[in-house]
Amino acid sequence: MLLESGDRIELFFEDDPATTIRATVGRLLSDRDEGMGIEVEDYAACWIEITVDEPSGIDAKQVVLLGTDFQYRLNGRRVTVRKKQDWLVRSSGVPGMRRN
């Protein structure tokens, strides 16, 4: 799954799947952008700045790590990331109305 700035996502903690965090992707950063050294390249593939829509117990600004193991982590906890779809697709496959 490719994420881009402005994408709306949902995150689910793997150790607490009942908790859903809705957020908007801000920036995608490399290790160099984050000020990390080359030793991190073995562990981190990408850093994703997000803004949580409804912060409840966590800061609104967060960073999700995509590791080289293709696992996402938020504050050290594994999360599942799901990209929210903005378009409905009719059975013909033609994009339909935009959701709000």
# chains A, B, ... in the order shown; residues from 1 in each chain; ligands from 1
$ residues_around --residues "Leu3 in chain A" --least-positions-apart "6" --cutoff "10 Å" --atoms "only C-alpha atoms" --output "PyMOL selection string"
chain A and resi 9+25+27-28+48+81-83
$ residues_around --residues "range 65-75 of chain A" --least-positions-apart "3" --cutoff "10 Å" --atoms "only C-alpha atoms" --output "list in words"
Leu11, Phe12, Phe13, Glu14, Leu28, Leu29, Val40, Glu41, Asp42, Tyr43, Ala44, Ala45, Cys46, Trp47, Ile48, Glu49, Gln62, Arg78, Val79, Thr80 and Val81 of chain A
$ write_last_selection --atoms "C-alpha atoms" --output "compact mmCIF listing (two decimals), in the first residue's frame"
# COMPACT_ATOMS: atom_id res chain seq x y z
CA LEU A 11 -4.64 2.57 12.55
CA PHE A 12 -5.37 -0.45 14.74
CA PHE A 13 -3.03 -1.58 17.50
CA GLU A 14 -2.30 -5.27 17.02
CA LEU A 28 6.70 10.89 4.38
CA LEU A 29 10.29 11.18 5.56
CA VAL A 40 19.10 2.90 10.98
CA GLU A 41 18.75 1.86 7.31
CA ASP A 42 18.68 -1.78 8.45
CA TYR A 43 15.59 -1.12 10.58
CA ALA A 44 13.58 1.82 9.22
CA ALA A 45 12.22 2.17 5.69
CA CYS A 46 10.10 5.31 6.09
CA TRP A 47 8.82 7.73 8.72
CA ILE A 48 5.22 8.91 8.33
CA GLU A 49 4.09 12.08 10.07
CA GLN A 62 2.50 11.48 15.75
CA ARG A 78 2.76 -2.67 16.04
CA VAL A 79 -0.21 -1.23 14.18
CA THR A 80 -2.21 -2.17 11.12
CA VAL A 81 -2.70 0.75 8.74
$ atom_distance --atom1 "CA of Val63 in chain A" --atom2 "CA of Thr20 in chain A"
16.0 Å
$ closest_residue --among "A:Arg77, A:Val64, A:Arg22, A:Ser30" --to "Val52 in chain A" --atoms "only C-alpha atoms"
A:Arg22
$ atom_distance --atom1 "CA of Thr24 in chain A" --atom2 "CA of Ala60 in chain A"
10.3 Å
